[in-house]
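One structure is given here, and the rest of the page talks about it.
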Amino acid sequence: MTVLAPASAEPHRYLQAQIRWHGLEIAFWIAALLPFLLFKTYLVLASQIAITALFALSLDLILGYAGIVSLGHAAFFGLGSYTAGLLAKLGWGEPLTGLVIAAAVAGLVGYAASLVIARFRHLALIMITLGMGLLLHEAANSASWLTGGADGLQGVRMWPLLGYFRFDLYGVTAYTYSLIVLFLVFLASRRLIHSPFGLSLRGIRENPVRMPAIGAPSSAHIRKIYTISAAVAGTAGALLAQTTQTVSLEVLSFQRSADVLVMLILGGAGRLYGGILGAIIYLVARDQLSGFNPQYWYFWIGIMLIAVVMFLPNGVLGGLAWLRAAWRGKTA
Amino acid sequence: MQKLLIGLGSLAAALLAASPVHAQGAIKIGLIMPYSGQFADTATQMDNAIKLYVSQHGDSVAGRKIEFIRKDTGGIAPDIAKRLAQELVVRDKVDLLAGFVLTPNALAASDVSAEAKKFMVIMNAATAIITTKSPYSARTSLTIPQLNETLGAWAYKSGVRKAYTMVSDFGPGHDGENGFQKGFKDAGGQVVGSVRFPVANPDFSAFVQRAKDLNPEAIYVWVPGGVQPAAIGKTLAERGIDPAKTRIFGQGELTEESALKSMGDAGLGIITVYHYDYNHASAMNAAFVKAYNGAYSRNPDIYSIGGWDGMHLIYEALKKTGGKTDGDSLIAAAKGMKWESPRGPVSIDPETRDIIQTVYIRRVEKVGGQPRNVEFDKVENVKDPFKARMKK
């Protein structure tokens, strides 16, 4: 017993140390409330950033932690969007239940897809996810009786949130709603990642063949996390549909899948805050640059991406962590 | 942590300081267009005309200066278009919204116009229902049924009894198909067959052959602008469809300036319907095309004319209200407004707030060695037929 005790206490202590809240994290979430006070006319942008951050977080769960590459994650985002939008169109405009149903639909489809996904890795995955995304986009285009086709879904009318808060022009309700959902999903993801399940996901990322050898079933774990990730992406899509009361084919587009991947890599994949930070940087830069120069702002985005990939290969967060380690090393 | 807070605080202060302070009394117009991406050239043509209008008519109306705030949607993105409209209203405090090249974006921004009671001028987006979404919106471009139903009815009148339609399988293509078939059938014609091919279609020969086998008197074609008009024009010629025997109909994009250039002689004889062409013969249009060429070294197109007339509507409505910019005054001033445009006489329908205009039937002919769209018939005072039916 005395020999075993430290060995079994060690991983527990490691996980517990991971799960403890860092001061910077608390500061980050408090800072997320700042727009209410300081940037009252930027709340609509803030809500779309929160929604995109949630979407990036969903991709981080599979790409950053389990090493599943995806170029078609917008498929689940779009599924959530259309589910929430169609519910509202058919007369059920209650946001919260709509959100849950949308997440469930995206999760179900995600589970079905995971049966295929779990069998492949790397390049094959890129092709498969890309193909699934394009298929769904084309299906939504041809089913224009259901989706409204290229004109987008018409007649999406949301009821007030909790029967009281209207989705207003300033975006106060939209941002509050998006931020709360983002925070709750973030909490759940944080718990998930710092659990033994989360650890085994990282094991799969590093070596998928070895994990079953030490008793962790890779495929089952991949199916689980993929389903969860799809449900989270669906939640993000539903939030966008509900807060903007518009749904168009663009929610399923390849561009959206690619953008979220770029944001995640920009912020730092495999770190919980990577996607969130990436979404903030990308969308704020986009908003400022395109306001400043509506025609050629993509040039500056391109320069920024090249700079990040060249100088911060692990994303902005990876770079910050490296700086911190270097600073500690110097002072020690 | 303290450093972080200080950092955030100073960032906030910097952002606040950077937010622009506008001159008191200026009338602010928020332009929402796809300035970047796939539709950037369309936005450029429209914006050119807006700038030209302002440079010719002065940058102040009714004693107030006109200021523009330009916002980029980057393409089809109703969520972004709606956010930009919201931000223009709540942050930039614009007095009216304008631009709108793409239908989904115009539909999304209409919600904001309706809620904030802001006058909104749609300068291109052409799906019929857009103006029904906000009681403060007016359109200065066209509607797809307005052109295509007119063409369908005209086709019957010109002697065609059996027609075949072939369109791209997406929203605008469907609208074109519906419009032409509706106009043609209502007049008494028979649609002997129809096909929808994928939007990104590399090869039209199989589809054209199928149409040819049915031996219709006319074929209606709708493909998006870009490389496809030339491709289908050449295929039609290669498959031996002679426009003198089997007439080929389409909406004006099929034979626009750049398409005609790459089609060459294959385009001769194609009949299209449009509301504007830079070759339109009038003194006003000649002056417009000359000034446009002088400023931008290219010919104006339908997007330019939409932007030009949109600015005219804004200027005239502002003159009528004496500079008052609330949605109710401006839309009241815009309703029933009539003017002479480079495209011919136009007016704003007081009931639907949509444009009423002359629709031209043109044939591709050689003029001075160059293929041109030559207007040979026209239908005057065409209202949007779709909304006329909605009322009933």
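FYI, nothing fancy with the structure tokens labels: chains A, B, ... in order, residues from 1 per chain, ligands from 1 as they appear.
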Cut-off 10 Å: closest chain A/chain B atom pairs per residue, using only C-alpha atoms, as JSON lines:
```
{"residue": "A:Gly23", "atom": "CA", "partner": "B:Met1", "partner_atom": "CA", "distance": 7.0}
{"residue": "A:Leu24", "atom": "CA", "partner": "B:Met1", "partner_atom": "CA", "distance": 6.4}
{"residue": "A:Glu25", "atom": "CA", "partner": "B:Met1", "partner_atom": "CA", "distance": 9.9}
{"residue": "A:Ile26", "atom": "CA", "partner": "B:Met1", "partner_atom": "CA", "distance": 9.7}
{"residue": "A:Ala27", "atom": "CA", "partner": "B:Met1", "partner_atom": "CA", "distance": 7.2}
{"residue": "A:Phe28", "atom": "CA", "partner": "B:Leu4", "partner_atom": "CA", "distance": 9.4}
{"residue": "A:Ala31", "atom": "CA", "partner": "B:Leu8", "partner_atom": "CA", "distance": 8.0}
{"residue": "A:Leu34", "atom": "CA", "partner": "B:Ala12", "partner_atom": "CA", "distance": 9.1}
{"residue": "A:Pro35", "atom": "CA", "partner": "B:Ala12", "partner_atom": "CA", "distance": 9.4}
{"residue": "A:Leu38", "atom": "CA", "partner": "B:Ala12", "partner_atom": "CA", "distance": 7.1}
{"residue": "A:Phe39", "atom": "CA", "partner": "B:Leu16", "partner_atom": "CA", "distance": 8.0}
{"residue": "A:Lys40", "atom": "CA", "partner": "B:Arg91", "partner_atom": "CA", "distance": 8.7}
{"residue": "A:Thr41", "atom": "CA", "partner": "B:Arg91", "partner_atom": "CA", "distance": 5.3}
{"residue": "A:Tyr42", "atom": "CA", "partner": "B:Glu87", "partner_atom": "CA", "distance": 7.3}
{"residue": "A:Leu43", "atom": "CA", "partner": "B:Glu87", "partner_atom": "CA", "distance": 9.0}
{"residue": "A:Val44", "atom": "CA", "partner": "B:Arg83", "partner_atom": "CA", "distance": 6.2}
{"residue": "A:Leu45", "atom": "CA", "partner": "B:Arg83", "partner_atom": "CA", "distance": 7.0}
{"residue": "A:Ser47", "atom": "CA", "partner": "B:Arg83", "partner_atom": "CA", "distance": 9.9}
{"residue": "A:Gln48", "atom": "CA", "partner": "B:Arg83", "partner_atom": "CA", "distance": 8.7}
{"residue": "A:Glu138", "atom": "CA", "partner": "B:Pro198", "partner_atom": "CA", "distance": 9.8}
{"residue": "A:Asn141", "atom": "CA", "partner": "B:Phe170", "partner_atom": "CA", "distance": 6.8}
{"residue": "A:Ser142", "atom": "CA", "partner": "B:Phe170", "partner_atom": "CA", "distance": 7.2}
{"residue": "A:Ala143", "atom": "CA", "partner": "B:Phe170", "partner_atom": "CA", "distance": 10.0}
{"residue": "A:Ser144", "atom": "CA", "partner": "B:Gly171", "partner_atom": "CA", "distance": 7.9}
{"residue": "A:Gly148", "atom": "CA", "partner": "B:Gly171", "partner_atom": "CA", "distance": 8.3}
{"residue": "A:Gly149", "atom": "CA", "partner": "B:Gly171", "partner_atom": "CA", "distance": 6.0}
{"residue": "A:Ala150", "atom": "CA", "partner": "B:Gly171", "partner_atom": "CA", "distance": 5.0}
{"residue": "A:Asp151", "atom": "CA", "partner": "B:Pro104", "partner_atom": "CA", "distance": 5.0}
{"residue": "A:Gly152", "atom": "CA", "partner": "B:Pro104", "partner_atom": "CA", "distance": 5.9}
{"residue": "A:Leu153", "atom": "CA", "partner": "B:Pro104", "partner_atom": "CA", "distance": 8.9}
{"residue": "A:Gln154", "atom": "CA", "partner": "B:Leu107", "partner_atom": "CA", "distance": 8.5}
{"residue": "A:Gly155", "atom": "CA", "partner": "B:Lys133", "partner_atom": "CA", "distance": 9.8}
{"residue": "A:Asp168", "atom": "CA", "partner": "B:Glu115", "partner_atom": "CA", "distance": 9.2}
{"residue": "A:Leu169", "atom": "CA", "partner": "B:Gln86", "partner_atom": "CA", "distance": 6.1}
{"residue": "A:Tyr170", "atom": "CA", "partner": "B:Val90", "partner_atom": "CA", "distance": 6.5}
{"residue": "A:Gly171", "atom": "CA", "partner": "B:Gln86", "partner_atom": "CA", "distance": 8.5}
{"residue": "A:Leu240", "atom": "CA", "partner": "B:Asp79", "partner_atom": "CA", "distance": 7.7}
{"residue": "A:Ala241", "atom": "CA", "partner": "B:Asp79", "partner_atom": "CA", "distance": 8.2}
{"residue": "A:Thr243", "atom": "CA", "partner": "B:Asp79", "partner_atom": "CA", "distance": 9.1}
{"residue": "A:Thr244", "atom": "CA", "partner": "B:Asp79", "partner_atom": "CA", "distance": 5.9}
{"residue": "A:Gln245", "atom": "CA", "partner": "B:Ala108", "partner_atom": "CA", "distance": 8.1}
{"residue": "A:Thr246", "atom": "CA", "partner": "B:Asp79", "partner_atom": "CA", "distance": 6.5}
{"residue": "A:Val247", "atom": "CA", "partner": "B:Pro78", "partner_atom": "CA", "distance": 7.5}
{"residue": "A:Ser248", "atom": "CA", "partner": "B:Pro78", "partner_atom": "CA", "distance": 7.0}
{"residue": "A:Leu249", "atom": "CA", "partner": "B:Ile76", "partner_atom": "CA", "distance": 8.8}
{"residue": "A:Glu250", "atom": "CA", "partner": "B:Ala77", "partner_atom": "CA", "distance": 6.4}
{"residue": "A:Val251", "atom": "CA", "partner": "B:Ala77", "partner_atom": "CA", "distance": 8.6}
{"residue": "A:Asp287", "atom": "CA", "partner": "B:Asp72", "partner_atom": "CA", "distance": 9.3}
{"residue": "A:Ser290", "atom": "CA", "partner": "B:Asp72", "partner_atom": "CA", "distance": 6.4}
{"residue": "A:Gly291", "atom": "CA", "partner": "B:Lys71", "partner_atom": "CA", "distance": 6.2}
{"residue": "A:Phe292", "atom": "CA", "partner": "B:Arg70", "partner_atom": "CA", "distance": 9.1}
{"residue": "A:Asn293", "atom": "CA", "partner": "B:Arg70", "partner_atom": "CA", "distance": 8.7}
{"residue": "A:Pro294", "atom": "CA", "partner": "B:Asp72", "partner_atom": "CA", "distance": 5.3}
{"residue": "A:Gln295", "atom": "CA", "partner": "B:Tyr35", "partner_atom": "CA", "distance": 5.1}
{"residue": "A:Tyr296", "atom": "CA", "partner": "B:Ser36", "partner_atom": "CA", "distance": 6.9}
{"residue": "A:Trp297", "atom": "CA", "partner": "B:Ser36", "partner_atom": "CA", "distance": 8.2}
{"residue": "A:Tyr298", "atom": "CA", "partner": "B:Ser36", "partner_atom": "CA", "distance": 8.0}
```
Keeping C-alpha atoms for every residue in the selection just given, could you write it to a file as an mmCIF file, in the first residue's frame?
```cif
data_model
loop_
_atom_site.group_PDB
_atom_site.id
_atom_site.type_symbol
_atom_site.label_atom_id
_atom_site.label_comp_id
_atom_site.auth_asym_id
_atom_site.auth_seq_id
_atom_site.Cartn_x
_atom_site.Cartn_y
_atom_site.Cartn_z
ATOM 1 C CA GLY A 23 -5.941 34.373 -11.750
ATOM 2 C CA LEU A 24 -5.600 35.233 -15.424
ATOM 3 C CA GLU A 25 -8.609 33.059 -16.261
ATOM 4 C CA ILE A 26 -10.791 34.899 -13.769
ATOM 5 C CA ALA A 27 -9.519 38.199 -15.148
ATOM 6 C CA PHE A 28 -10.377 37.023 -18.663
ATOM 7 C CA ALA A 31 -12.946 41.296 -18.967
ATOM 8 C CA LEU A 34 -16.311 44.987 -20.101
ATOM 9 C CA PRO A 35 -18.189 45.546 -23.379
ATOM 10 C CA LEU A 38 -17.098 50.392 -22.188
ATOM 11 C CA PHE A 39 -18.201 49.396 -25.681
ATOM 12 C CA LYS A 40 -21.970 49.572 -25.553
ATOM 13 C CA THR A 41 -22.243 50.016 -29.307
ATOM 14 C CA TYR A 42 -20.036 47.004 -29.996
ATOM 15 C CA LEU A 43 -22.293 44.429 -28.324
ATOM 16 C CA VAL A 44 -23.561 42.908 -31.582
ATOM 17 C CA LEU A 45 -19.964 42.307 -32.657
ATOM 18 C CA SER A 47 -22.050 38.488 -29.437
ATOM 19 C CA GLN A 48 -20.848 37.256 -32.814
ATOM 20 C CA GLU A 138 -25.344 21.128 -51.688
ATOM 21 C CA ASN A 141 -29.080 24.324 -51.648
ATOM 22 C CA SER A 142 -31.250 21.858 -53.541
ATOM 23 C CA ALA A 143 -33.795 21.495 -50.724
ATOM 24 C CA SER A 144 -34.820 25.109 -51.214
ATOM 25 C CA GLY A 148 -35.085 28.842 -48.659
ATOM 26 C CA GLY A 149 -32.053 28.056 -50.845
ATOM 27 C CA ALA A 150 -29.764 30.890 -51.854
ATOM 28 C CA ASP A 151 -32.093 33.600 -50.533
ATOM 29 C CA GLY A 152 -31.838 32.198 -47.014
ATOM 30 C CA LEU A 153 -34.530 31.058 -44.622
ATOM 31 C CA GLN A 154 -37.360 33.590 -44.447
ATOM 32 C CA GLY A 155 -39.704 34.228 -41.552
ATOM 33 C CA ASP A 168 -32.756 44.339 -29.340
ATOM 34 C CA LEU A 169 -31.007 46.544 -31.863
ATOM 35 C CA TYR A 170 -28.058 47.211 -29.534
ATOM 36 C CA GLY A 171 -27.411 43.511 -28.985
ATOM 37 C CA LEU A 240 -26.177 32.718 -34.482
ATOM 38 C CA ALA A 241 -29.538 31.884 -36.047
ATOM 39 C CA THR A 243 -29.520 36.239 -32.244
ATOM 40 C CA THR A 244 -29.488 37.413 -35.875
ATOM 41 C CA GLN A 245 -32.819 35.820 -36.861
ATOM 42 C CA THR A 246 -31.319 34.942 -40.219
ATOM 43 C CA VAL A 247 -30.076 31.654 -41.654
ATOM 44 C CA SER A 248 -28.467 31.340 -45.062
ATOM 45 C CA LEU A 249 -26.505 28.724 -46.978
ATOM 46 C CA GLU A 250 -23.390 30.539 -45.860
ATOM 47 C CA VAL A 251 -23.605 28.856 -42.404
ATOM 48 C CA ASP A 287 -13.895 44.599 -38.043
ATOM 49 C CA SER A 290 -12.529 46.426 -42.946
ATOM 50 C CA GLY A 291 -13.952 49.592 -41.404
ATOM 51 C CA PHE A 292 -10.689 51.336 -42.171
ATOM 52 C CA ASN A 293 -10.364 49.949 -45.696
ATOM 53 C CA PRO A 294 -13.431 48.079 -47.014
ATOM 54 C CA GLN A 295 -11.737 46.906 -50.219
ATOM 55 C CA TYR A 296 -8.313 45.591 -49.316
ATOM 56 C CA TRP A 297 -8.479 44.660 -45.644
ATOM 57 C CA TYR A 298 -7.823 40.978 -46.421
#
```
Could you check how far CA of Gly64 in chain A sits from CA of Leu96 in chain A, in Å to one decimal?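 Between these atoms lies a distance of 28.6 Å.
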Can you tell me how far CA of Gln18 in chain A sits from CA of Ala32 in chain A, in Å to one decimal?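 A separation of 22.3 Å between them.
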Name the residues in contact with range 263-266 of chain B at a cut-off of 9 Å, using only C-alpha atoms, excluding same-chain residues fewer than 3 positions from it; report them as a PyMOL selection string. chain B and resi 229-238+255+258-260+269-270+366+370-371
List every residue of range 58-114 of chain B that DSSP, applied to the backbone of this structure, places in alpha helix (DSSP H), and write the result as a VMD selection string. chain B and resid 78 to 90 103 to 114
Give me a file of those residues, with N, CA and C atoms, as a CSV table (one decimal), in the first residue's frame.
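Wrote it out as selection-v7.csv, contents follow:
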```
chain,number,residue,atom,x,y,z
B,78,PRO,N,-25.6,37.2,-44.5
B,78,PRO,CA,-26.7,38.0,-43.8
B,78,PRO,C,-26.5,38.3,-42.4
B,79,ASP,N,-25.8,37.4,-41.7
B,79,ASP,CA,-25.5,37.7,-40.3
B,79,ASP,C,-24.6,38.9,-40.1
B,80,ILE,N,-23.6,39.0,-41.0
B,80,ILE,CA,-22.7,40.2,-41.0
B,80,ILE,C,-23.4,41.4,-41.5
B,81,ALA,N,-24.2,41.3,-42.5
B,81,ALA,CA,-24.9,42.4,-43.1
B,81,ALA,C,-25.8,43.0,-42.0
B,82,LYS,N,-26.5,42.1,-41.3
B,82,LYS,CA,-27.4,42.6,-40.3
B,82,LYS,C,-26.7,43.3,-39.1
B,83,ARG,N,-25.5,42.7,-38.7
B,83,ARG,CA,-24.7,43.4,-37.7
B,83,ARG,C,-24.2,44.7,-38.1
B,84,LEU,N,-23.7,44.8,-39.4
B,84,LEU,CA,-23.2,46.1,-39.9
B,84,LEU,C,-24.4,47.1,-39.9
B,85,ALA,N,-25.6,46.7,-40.3
B,85,ALA,CA,-26.7,47.6,-40.3
B,85,ALA,C,-27.0,48.1,-38.9
B,86,GLN,N,-27.0,47.2,-37.9
B,86,GLN,CA,-27.2,47.5,-36.5
B,86,GLN,C,-26.2,48.5,-36.0
B,87,GLU,N,-24.9,48.2,-36.3
B,87,GLU,CA,-23.8,49.1,-35.9
B,87,GLU,C,-23.9,50.4,-36.5
B,88,LEU,N,-24.2,50.5,-37.8
B,88,LEU,CA,-24.4,51.8,-38.5
B,88,LEU,C,-25.4,52.6,-37.8
B,89,VAL,N,-26.5,51.9,-37.4
B,89,VAL,CA,-27.6,52.7,-36.7
B,89,VAL,C,-27.3,53.1,-35.3
B,90,VAL,N,-26.8,52.2,-34.5
B,90,VAL,CA,-26.6,52.5,-33.1
B,90,VAL,C,-25.3,53.2,-32.8
B,103,THR,N,-29.2,39.6,-52.3
B,103,THR,CA,-30.5,39.4,-51.7
B,103,THR,C,-30.5,39.0,-50.2
B,104,PRO,N,-29.8,37.9,-49.8
B,104,PRO,CA,-29.8,37.6,-48.4
B,104,PRO,C,-29.4,38.7,-47.5
B,105,ASN,N,-28.4,39.5,-47.9
B,105,ASN,CA,-27.9,40.6,-47.1
B,105,ASN,C,-29.0,41.7,-47.0
B,106,ALA,N,-29.7,42.0,-48.1
B,106,ALA,CA,-30.7,43.0,-48.1
B,106,ALA,C,-31.9,42.6,-47.3
B,107,LEU,N,-32.2,41.3,-47.3
B,107,LEU,CA,-33.3,40.8,-46.5
B,107,LEU,C,-33.0,41.0,-45.0
B,108,ALA,N,-31.8,40.6,-44.6
B,108,ALA,CA,-31.4,40.7,-43.2
B,108,ALA,C,-31.4,42.1,-42.7
B,109,ALA,N,-30.8,43.0,-43.6
B,109,ALA,CA,-30.7,44.4,-43.1
B,109,ALA,C,-32.1,45.1,-43.1
B,110,SER,N,-33.1,44.6,-43.9
B,110,SER,CA,-34.4,45.1,-43.9
B,110,SER,C,-35.0,45.1,-42.5
B,111,ASP,N,-34.7,44.0,-41.7
B,111,ASP,CA,-35.2,43.9,-40.3
B,111,ASP,C,-34.8,45.2,-39.5
B,112,VAL,N,-33.5,45.6,-39.7
B,112,VAL,CA,-33.0,46.7,-39.0
B,112,VAL,C,-33.7,48.0,-39.4
B,113,SER,N,-33.8,48.1,-40.7
B,113,SER,CA,-34.5,49.3,-41.3
B,113,SER,C,-35.9,49.4,-40.7
B,114,ALA,N,-36.6,48.3,-40.6
B,114,ALA,CA,-38.0,48.3,-40.1
B,114,ALA,C,-38.0,48.6,-38.6
```
When you look at Phe207 in chain B with a cut-off of 10 Å (counting only C-alpha atoms), what residues show up, excluding the ones that are within fewer than 4 positions of it in the same chain? I need them as number ranges by chain. B: 166, 194-197, 203, 211-212, 232, 235-236
Go ahead and write the residues just picked, C-alpha atoms, as a PDB file, in the first residue's frame.
```pdb
ATOM      1  CA  MET B 166     -32.532  25.662 -68.957  1.00  0.00           C
ATOM      2  CA  SER B 194     -37.035  22.274 -68.657  1.00  0.00           C
ATOM      3  CA  VAL B 195     -33.750  21.388 -67.030  1.00  0.00           C
ATOM      4  CA  ARG B 196     -31.752  22.678 -64.080  1.00  0.00           C
ATOM      5  CA  PHE B 197     -28.026  22.087 -64.210  1.00  0.00           C
ATOM      6  CA  ASP B 203     -19.967  21.320 -69.767  1.00  0.00           C
ATOM      7  CA  ALA B 211     -33.092  20.673 -75.551  1.00  0.00           C
ATOM      8  CA  LYS B 212     -32.342  20.352 -79.260  1.00  0.00           C
ATOM      9  CA  ILE B 232     -23.107  28.186 -73.017  1.00  0.00           C
ATOM     10  CA  THR B 235     -22.036  25.276 -76.865  1.00  0.00           C
ATOM     11  CA  LEU B 236     -25.325  26.410 -78.401  1.00  0.00           C
TER      12      LEU B 236
END
```
Can you tell me how far CA of Asp41 in chain B sits from CA of Leu268 in chain B, in Å to one decimal? 26.3 Å
Excluding same-chain residues fewer than 5 positions from Ala98 in chain B, what lies within 6 Å of it counting only C-alpha atoms, as a ChimeraX atom specification? /B:31,120-122
What's around range 65-68 of chain A at 7 Å? Count only C-alpha atoms, leave out sequence neighbours fewer than 3 positions away in its own chain, and write the answer as a list of chain:residue names.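 Those residues are A:Asp60, A:Leu61, A:Ile62, A:Arg121, A:Leu201, A:Arg202, A:Ile204, A:Arg205, A:Gly270.
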Step one, run DSSP on the backbone; step two, keep only residues of range 41-111 of chain B assigned to strand (DSSP E or B); then write them as an MDAnalysis selection string. chainID B and resid 60:61 64:72 96:99
Can I get the selection written as a compact mmCIF listing (two decimals), in the first residue's frame, with C-alpha atoms?
```txt
# COMPACT_ATOMS: atom_id res chain seq x y z
CA SER B 60 -24.56 68.65 -49.81
CA VAL B 61 -28.33 68.56 -50.07
CA ARG B 64 -26.66 69.58 -45.12
CA LYS B 65 -23.45 67.80 -46.02
CA ILE B 66 -23.61 64.18 -47.20
CA GLU B 67 -21.25 61.73 -45.58
CA PHE B 68 -20.74 58.07 -46.45
CA ILE B 69 -19.72 55.22 -44.19
CA ARG B 70 -18.77 52.16 -46.22
CA LYS B 71 -19.05 48.65 -44.78
CA ASP B 72 -17.91 45.41 -46.34
CA LEU B 96 -30.23 56.04 -43.94
CA LEU B 97 -28.97 52.74 -45.29
CA ALA B 98 -28.10 52.04 -48.93
CA GLY B 99 -26.24 49.72 -51.28
```
Write out as a PyMOL selection string which residues come within 12 Å of Lys387 in chain B when counting only C-alpha atoms, dropping same-chain ones fewer than 3 positions away. chain B and resi 127-132+143-146+349+351-355+383-384+390-392
What would the file look like if the residues just selected were written as a PDB file, in the first residue's frame with N, CA and C atoms?
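As a result, again11.pdb now contains:
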```pdb
ATOM      1  N   THR B 127     -34.483  39.997 -55.733  1.00  0.00           N
ATOM      2  CA  THR B 127     -35.583  39.080 -55.419  1.00  0.00           C
ATOM      3  C   THR B 127     -36.822  39.905 -55.080  1.00  0.00           C
ATOM      4  N   ALA B 128     -37.975  39.469 -55.599  1.00  0.00           N
ATOM      5  CA  ALA B 128     -39.174  40.303 -55.533  1.00  0.00           C
ATOM      6  C   ALA B 128     -39.560  40.719 -54.108  1.00  0.00           C
ATOM      7  N   ILE B 129     -39.475  39.771 -53.149  1.00  0.00           N
ATOM      8  CA  ILE B 129     -40.068  40.042 -51.831  1.00  0.00           C
ATOM      9  C   ILE B 129     -39.300  41.039 -50.965  1.00  0.00           C
ATOM     10  N   ILE B 130     -38.083  41.436 -51.352  1.00  0.00           N
ATOM     11  CA  ILE B 130     -37.237  42.212 -50.436  1.00  0.00           C
ATOM     12  C   ILE B 130     -37.945  43.447 -49.878  1.00  0.00           C
ATOM     13  N   THR B 131     -38.619  44.200 -50.754  1.00  0.00           N
ATOM     14  CA  THR B 131     -39.205  45.461 -50.286  1.00  0.00           C
ATOM     15  C   THR B 131     -40.409  45.248 -49.365  1.00  0.00           C
ATOM     16  N   THR B 132     -40.895  43.996 -49.262  1.00  0.00           N
ATOM     17  CA  THR B 132     -42.024  43.767 -48.353  1.00  0.00           C
ATOM     18  C   THR B 132     -41.553  43.633 -46.912  1.00  0.00           C
ATOM     19  N   THR B 143     -36.628  43.865 -60.429  1.00  0.00           N
ATOM     20  CA  THR B 143     -36.946  42.591 -59.796  1.00  0.00           C
ATOM     21  C   THR B 143     -36.866  41.539 -60.894  1.00  0.00           C
ATOM     22  N   ILE B 144     -36.529  40.326 -60.514  1.00  0.00           N
ATOM     23  CA  ILE B 144     -36.349  39.267 -61.517  1.00  0.00           C
ATOM     24  C   ILE B 144     -37.651  38.981 -62.271  1.00  0.00           C
ATOM     25  N   PRO B 145     -38.820  38.888 -61.573  1.00  0.00           N
ATOM     26  CA  PRO B 145     -40.065  38.685 -62.330  1.00  0.00           C
ATOM     27  C   PRO B 145     -40.365  39.841 -63.293  1.00  0.00           C
ATOM     28  N   GLN B 146     -40.017  41.058 -62.878  1.00  0.00           N
ATOM     29  CA  GLN B 146     -40.268  42.222 -63.726  1.00  0.00           C
ATOM     30  C   GLN B 146     -39.656  42.033 -65.107  1.00  0.00           C
ATOM     31  N   ASP B 349     -43.060  52.998 -57.275  1.00  0.00           N
ATOM     32  CA  ASP B 349     -44.456  52.627 -57.068  1.00  0.00           C
ATOM     33  C   ASP B 349     -44.886  53.040 -55.650  1.00  0.00           C
ATOM     34  N   GLU B 351     -47.278  52.152 -53.909  1.00  0.00           N
ATOM     35  CA  GLU B 351     -47.824  51.055 -53.109  1.00  0.00           C
ATOM     36  C   GLU B 351     -46.752  50.076 -52.648  1.00  0.00           C
ATOM     37  N   THR B 352     -45.872  49.674 -53.563  1.00  0.00           N
ATOM     38  CA  THR B 352     -44.902  48.629 -53.212  1.00  0.00           C
ATOM     39  C   THR B 352     -43.508  49.186 -52.941  1.00  0.00           C
ATOM     40  N   ARG B 353     -43.290  50.470 -53.223  1.00  0.00           N
ATOM     41  CA  ARG B 353     -41.994  51.135 -53.077  1.00  0.00           C
ATOM     42  C   ARG B 353     -40.940  50.514 -53.980  1.00  0.00           C
ATOM     43  N   ASP B 354     -41.397  49.792 -54.990  1.00  0.00           N
ATOM     44  CA  ASP B 354     -40.475  49.172 -55.933  1.00  0.00           C
ATOM     45  C   ASP B 354     -40.419  50.013 -57.206  1.00  0.00           C
ATOM     46  N   ILE B 355     -39.410  49.742 -58.042  1.00  0.00           N
ATOM     47  CA  ILE B 355     -39.221  50.589 -59.216  1.00  0.00           C
ATOM     48  C   ILE B 355     -40.190  50.205 -60.340  1.00  0.00           C
ATOM     49  N   LYS B 383     -44.433  47.209 -63.778  1.00  0.00           N
ATOM     50  CA  LYS B 383     -44.361  47.075 -62.321  1.00  0.00           C
ATOM     51  C   LYS B 383     -43.900  45.671 -61.988  1.00  0.00           C
ATOM     52  N   ASP B 384     -43.507  45.450 -60.727  1.00  0.00           N
ATOM     53  CA  ASP B 384     -43.150  44.093 -60.337  1.00  0.00           C
ATOM     54  C   ASP B 384     -44.422  43.248 -60.307  1.00  0.00           C
ATOM     55  N   MET B 390     -49.387  39.287 -55.125  1.00  0.00           N
ATOM     56  CA  MET B 390     -49.459  39.111 -53.673  1.00  0.00           C
ATOM     57  C   MET B 390     -50.643  39.863 -53.079  1.00  0.00           C
ATOM     58  N   LYS B 391     -50.916  41.023 -53.682  1.00  0.00           N
ATOM     59  CA  LYS B 391     -51.979  41.889 -53.148  1.00  0.00           C
ATOM     60  C   LYS B 391     -53.357  41.249 -53.307  1.00  0.00           C
ATOM     61  N   LYS B 392     -53.490  40.468 -54.422  1.00  0.00           N
ATOM     62  CA  LYS B 392     -54.814  39.933 -54.746  1.00  0.00           C
ATOM     63  C   LYS B 392     -55.240  38.834 -53.786  1.00  0.00           C
TER      64      LYS B 392
END
```
Given only C-alpha atoms as the basis, pick out the residue of B:Val273, B:Met337, B:Met123, B:Ile27 nearest to Met46 in chain B. B:Met123
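Among the candidates B:Leu147, B:Ala206, B:Val346, B:Val223, the residue lying nearest to Ser168 in chain B is B:Val223 (atoms considered: only C-alpha atoms).
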For Lys319 in chain B, the nearest of the candidates B:Ile302, B:Arg247, B:Tyr53, B:Ala333, counting only C-alpha atoms: B:Ala333
